[in-house]
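Notes follow the structure.
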Amino acid sequence: SALSRRSVMDSVATARGRRGAPTAAPPPKEKTQIGRGISLLVHSSDALLFFTLVFVVGVSSGIIENFAYVRMREVGGTGREMGISRLVSSSAGAPMFWFSGKLTSALGADKVLVLSLGSYVVRFFIYAGMRRPLEGLLAEALRGFTFAAFWSTGTIYAHKISPQGMGATMLMFLNAMYGGLGQSLGAIIGGKLQSKFGTVKTFIYSGCFDLAFIGLVLVYLGLKGDSSSFKNPQHLGSPQENNEQNNKRK
């Protein structure tokens with residue numbers, strides 16, 4: 001009947017109106033978490049060093065990933081040699097993800113991260129000094145081994161120092177410092193250096209910078225001694241927060 005049709009139409013209109021009605025915006029929890037995470041990072045010298053180290057590794061990765069094959073071309077490399085190099089890199093990296101946890105437990109996060117940056121120094125000098133395309137295979141194998149160890153160790157360390165409920169925030173910082181800022185800036189810096197000084201000098205200068213930074217990191221770790229959180233990672237935040245989180249995990 002006409003009455004029933006009108007009732008149905010009114011019900012549909014009411015439902016549409018409810019769907020289209022404005023809803024209250026959710027509280028800005030993400031912004032609060034990020035702001036709190038930044039505040040905690042600023043007040044922790046170990047955390048600042050860790051993320052700075054990740055950033056430097058990211059910059060080094062951005063330079064190498066964008067200009068290693070340019071260097072290979074300069075010494076007569078073709079697509080065949082580049083394919084072999086990438087295969088060696090991938091083959092070396094895959095097993096390392098499996099054993100990286102044991103390596104971190106045996107050596108400690110500080111040593112694994114320093115060795116990872118040290119591998120970039122070796123890779124820079126290998127690329128700078130190579131005269132034939134396949135001479136870069138050692139550098140590619142190092143890439144596979146060290147990236148797996150670096151990324152696994154960095155992820156574990158970032159998780160261990162994260163305050164309660166901020167694990168995802170710390171991993172976001174890790175990814176941003178390495179990929180978002182580090183690699184992007186590395187590509188820009190590498191391009192500027194390569195256009196002005198050439199590929200060989202770009203790798204030499206980059207290797208020397210990383211070597212100097214490793215020296216600073218070693219001095220810092222030596223001064224901190226056993227109190228460094230690299231040896232015994234602690235959650236960022238107040239002692240009360242740390243005790244509460246440790247009790248929950250137990």
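Residues are referred to by chain and number: the chain letter is A, B, ... according to the order shown in the structure tokens, the number counts from 1 in that chain, and ligands are numbered separately from 1 in the order shown.
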| task | Using only C-alpha atoms, determine which residues lie at most 9 Å from Phe213 (chain A), disregarding the query and same-chain residues fewer than 4 positions distant; provide the list as number ranges by chain. | result | A: 53, 56, 208-209, 217-218
Output file for the residues above (all heavy atoms, as a CSV table (one decimal), in the first residue's frame):
```csv
chain,number,residue,atom,x,y,z
A,53,LEU,N,73.4,6.1,14.0
A,53,LEU,CA,74.2,5.0,13.3
A,53,LEU,C,73.3,4.4,12.2
A,53,LEU,O,73.8,4.2,11.1
A,53,LEU,CB,74.5,3.9,14.4
A,53,LEU,CG,75.3,2.7,13.8
A,53,LEU,CD1,76.6,3.2,13.2
A,53,LEU,CD2,75.6,1.8,15.0
A,56,VAL,N,73.4,6.9,9.3
A,56,VAL,CA,74.6,6.8,8.6
A,56,VAL,C,74.7,5.6,7.7
A,56,VAL,O,75.1,5.6,6.5
A,56,VAL,CB,75.8,6.9,9.5
A,56,VAL,CG1,77.1,6.7,8.8
A,56,VAL,CG2,75.9,8.2,10.3
A,208,CYS,N,85.9,6.9,3.9
A,208,CYS,CA,86.7,7.6,5.0
A,208,CYS,C,85.8,8.2,6.0
A,208,CYS,O,86.1,8.2,7.2
A,208,CYS,CB,87.5,8.7,4.3
A,208,CYS,SG,88.9,8.1,3.3
A,209,PHE,N,84.6,8.8,5.6
A,209,PHE,CA,83.6,9.3,6.5
A,209,PHE,C,83.1,8.2,7.5
A,209,PHE,O,83.0,8.4,8.7
A,209,PHE,CB,82.5,10.0,5.8
A,209,PHE,CG,81.4,10.4,6.7
A,209,PHE,CD1,81.5,11.7,7.3
A,209,PHE,CD2,80.3,9.7,6.9
A,209,PHE,CE1,80.5,12.1,8.2
A,209,PHE,CE2,79.3,10.1,7.8
A,209,PHE,CZ,79.4,11.3,8.4
A,217,VAL,N,82.1,6.3,17.4
A,217,VAL,CA,81.2,5.3,18.1
A,217,VAL,C,82.0,4.4,19.0
A,217,VAL,O,81.6,4.2,20.2
A,217,VAL,CB,80.5,4.4,17.0
A,217,VAL,CG1,79.7,3.3,17.7
A,217,VAL,CG2,79.5,5.2,16.2
A,218,LEU,N,83.2,4.0,18.6
A,218,LEU,CA,84.0,3.2,19.5
A,218,LEU,C,84.5,3.9,20.8
A,218,LEU,O,84.5,3.4,21.9
A,218,LEU,CB,85.2,2.6,18.8
A,218,LEU,CG,84.9,1.6,17.7
A,218,LEU,CD1,86.2,1.2,16.9
A,218,LEU,CD2,84.2,0.4,18.3
```
| task | Using only C-alpha atoms, determine which residues lie at most 7 Å from region 168-184 of chain A, disregarding the query and same-chain residues fewer than 6 positions distant; provide the list as a list in words. | result | Ile34, Phe51, Val54, Phe55, Val56, Val57, Gly58, Val59, Ser61, Gly62, Thr155, Ala158, His159 and Ser162 of chain A
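Distance check against Leu49 (chain A) using only C-alpha atoms: of A:Ile63, A:Leu113, A:Leu137, A:Ile204, the minimum falls on A:Leu113.
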| request: Report the distance between CA of Tyr205 (chain A) and CA of Ser116 (chain A) in Å, rounded to one decimal place. | output: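 Computed distance, CA of Tyr205 (chain A) to CA of Ser116 (chain A), equals 17.9 Å.
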| said: According to DSSP computed on the backbone, where in region 43-216 of chain A is there alpha helix (DSSP H)? Give the residues as a ChimeraX atom specification. | reply: /A:45-74,79-107,109-129,137-160,167-175,184-197,199-216
How would the residues just chosen look if you wrote them out with C-alpha atoms as a compact mmCIF listing (two decimals), in the first residue's frame?
```txt
# COMPACT_ATOMS: atom_id res chain seq x y z
CA SER A 45 72.23 9.28 24.43
CA ASP A 46 72.33 5.58 23.56
CA ALA A 47 69.09 5.79 21.58
CA LEU A 48 70.31 8.91 19.78
CA LEU A 49 73.55 7.15 18.87
CA PHE A 50 71.62 4.09 17.67
CA PHE A 51 69.34 6.03 15.34
CA THR A 52 72.24 8.20 14.15
CA LEU A 53 74.15 5.01 13.34
CA VAL A 54 71.11 3.69 11.46
CA PHE A 55 70.93 6.98 9.57
CA VAL A 56 74.62 6.82 8.57
CA VAL A 57 74.17 3.22 7.41
CA GLY A 58 71.16 4.37 5.39
CA VAL A 59 73.15 7.16 3.75
CA SER A 60 75.95 4.73 2.91
CA SER A 61 73.43 2.28 1.49
CA GLY A 62 71.88 5.03 -0.63
CA ILE A 63 75.26 5.88 -2.14
CA ILE A 64 76.29 2.29 -2.83
CA GLU A 65 72.92 1.08 -4.13
CA ASN A 66 72.75 3.93 -6.63
CA PHE A 67 76.36 4.04 -7.82
CA ALA A 68 77.88 0.57 -7.39
CA TYR A 69 76.63 -0.53 -10.79
CA VAL A 70 77.66 2.80 -12.28
CA ARG A 71 81.17 1.93 -11.14
CA MET A 72 80.76 -1.55 -12.58
CA ARG A 73 79.85 -0.03 -15.93
CA GLU A 74 82.94 2.16 -15.79
CA GLY A 79 74.01 -6.78 -17.50
CA ARG A 80 75.46 -10.27 -17.10
CA GLU A 81 77.98 -9.23 -14.43
CA MET A 82 75.35 -7.13 -12.68
CA GLY A 83 72.97 -10.08 -12.58
CA ILE A 84 75.69 -12.32 -11.14
CA SER A 85 76.48 -9.68 -8.52
CA ARG A 86 72.87 -9.39 -7.43
CA LEU A 87 72.56 -13.18 -7.26
CA VAL A 88 75.62 -13.42 -5.01
CA SER A 89 74.25 -10.67 -2.77
CA SER A 90 70.84 -12.29 -2.39
CA SER A 91 72.28 -15.77 -1.86
CA ALA A 92 74.56 -14.50 0.89
CA GLY A 93 71.82 -12.53 2.63
CA ALA A 94 69.04 -15.10 2.83
CA PRO A 95 70.75 -17.55 5.25
CA MET A 96 72.02 -14.69 7.38
CA PHE A 97 68.52 -13.66 8.41
CA TRP A 98 68.18 -17.11 9.96
CA PHE A 99 71.41 -16.90 11.99
CA SER A 100 71.37 -13.17 12.78
CA GLY A 101 69.62 -13.68 16.13
CA LYS A 102 72.34 -16.02 17.37
CA LEU A 103 75.00 -13.63 16.07
CA THR A 104 73.47 -10.72 17.97
CA SER A 105 73.28 -12.79 21.16
CA ALA A 106 76.91 -13.84 20.81
CA LEU A 107 78.46 -10.47 19.90
CA ALA A 109 74.04 -5.27 19.32
CA ASP A 110 76.86 -2.72 19.54
CA LYS A 111 79.44 -4.94 17.83
CA VAL A 112 77.04 -6.12 15.12
CA LEU A 113 76.03 -2.55 14.24
CA VAL A 114 79.63 -1.32 14.20
CA LEU A 115 80.71 -4.27 12.06
CA SER A 116 77.82 -3.58 9.69
CA LEU A 117 79.00 -0.02 9.14
CA GLY A 118 82.57 -1.31 8.87
CA SER A 119 81.48 -3.55 6.01
CA TYR A 120 80.38 -0.44 4.11
CA VAL A 121 83.91 0.94 4.50
CA VAL A 122 85.31 -2.25 2.97
CA ARG A 123 82.71 -2.20 0.18
CA PHE A 124 83.41 1.44 -0.66
CA PHE A 125 87.13 0.75 -1.01
CA ILE A 126 86.53 -2.44 -3.03
CA TYR A 127 84.36 -0.59 -5.53
CA ALA A 128 86.82 2.29 -5.69
CA GLY A 129 89.78 0.02 -6.39
CA LEU A 137 81.61 -9.89 -5.97
CA LEU A 138 83.17 -9.78 -2.51
CA ALA A 139 81.49 -6.44 -1.87
CA GLU A 140 78.16 -7.90 -3.00
CA ALA A 141 78.56 -10.90 -0.71
CA LEU A 142 79.32 -8.52 2.17
CA ARG A 143 76.14 -6.65 1.36
CA GLY A 144 74.07 -9.79 1.79
CA PHE A 145 75.70 -10.86 5.04
CA THR A 146 75.85 -7.49 6.74
CA PHE A 147 72.45 -6.11 5.74
CA ALA A 148 70.70 -9.16 7.16
CA ALA A 149 72.65 -8.90 10.41
CA PHE A 150 72.22 -5.13 10.61
CA TRP A 151 68.49 -5.07 9.95
CA SER A 152 67.67 -7.97 12.26
CA THR A 153 69.80 -6.54 15.06
CA GLY A 154 68.42 -3.04 14.57
CA THR A 155 64.85 -4.32 14.70
CA ILE A 156 65.49 -6.34 17.87
CA TYR A 157 67.27 -3.44 19.58
CA ALA A 158 64.57 -0.90 18.62
CA HIS A 159 61.93 -3.23 20.03
CA LYS A 160 63.83 -3.77 23.29
CA GLY A 167 57.01 -0.76 19.74
CA ALA A 168 55.50 0.22 16.39
CA THR A 169 56.61 3.84 16.89
CA MET A 170 60.24 2.82 17.43
CA LEU A 171 60.16 0.57 14.38
CA MET A 172 58.73 3.48 12.41
CA PHE A 173 61.67 5.62 13.54
CA LEU A 174 64.05 2.83 12.52
CA ASN A 175 62.56 2.55 9.05
CA SER A 184 67.14 9.24 0.11
CA LEU A 185 69.79 11.65 1.35
CA GLY A 186 72.50 9.17 0.39
CA ALA A 187 71.29 9.15 -3.20
CA ILE A 188 71.35 12.96 -3.29
CA ILE A 189 74.79 13.24 -1.67
CA GLY A 190 76.17 10.49 -3.89
CA GLY A 191 74.85 12.22 -6.99
CA LYS A 192 76.43 15.54 -6.00
CA LEU A 193 79.78 13.94 -5.21
CA GLN A 194 79.76 11.74 -8.31
CA SER A 195 79.04 14.63 -10.65
CA LYS A 196 81.80 16.75 -9.07
CA PHE A 197 84.54 14.25 -8.19
CA THR A 199 82.57 7.66 -8.82
CA VAL A 200 85.95 6.51 -7.46
CA LYS A 201 86.47 9.54 -5.23
CA THR A 202 82.84 9.41 -4.14
CA PHE A 203 83.42 5.92 -2.76
CA ILE A 204 86.75 6.86 -1.18
CA TYR A 205 85.31 9.92 0.57
CA SER A 206 82.30 7.94 1.76
CA GLY A 207 84.49 5.16 3.10
CA CYS A 208 86.70 7.64 4.97
CA PHE A 209 83.65 9.31 6.53
CA ASP A 210 82.23 5.98 7.71
CA LEU A 211 85.62 5.01 9.12
CA ALA A 212 85.82 8.26 11.10
CA PHE A 213 82.27 7.77 12.39
CA ILE A 214 83.14 4.24 13.53
CA GLY A 215 86.01 5.72 15.50
CA LEU A 216 83.64 8.13 17.27
```
| Quick one: of A:Gly222, A:Gly198, A:Gly76, A:Pro233, who's nearest to Leu134 (chain A), counting only C-alpha atoms? |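 For Leu134 (chain A), the nearest of the candidates is A:Gly76.
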| query | So what do you get for CA of Lys224 (chain A) versus CA of Gly165 (chain A), distance-wise? | reply |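 Interatomic distance here is 27.9 Å.
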| said: I'd like the interatomic distance between CA of Leu41 (chain A) and CA of Val219 (chain A), to a tenth of an Å. | reply: 20.6 Å
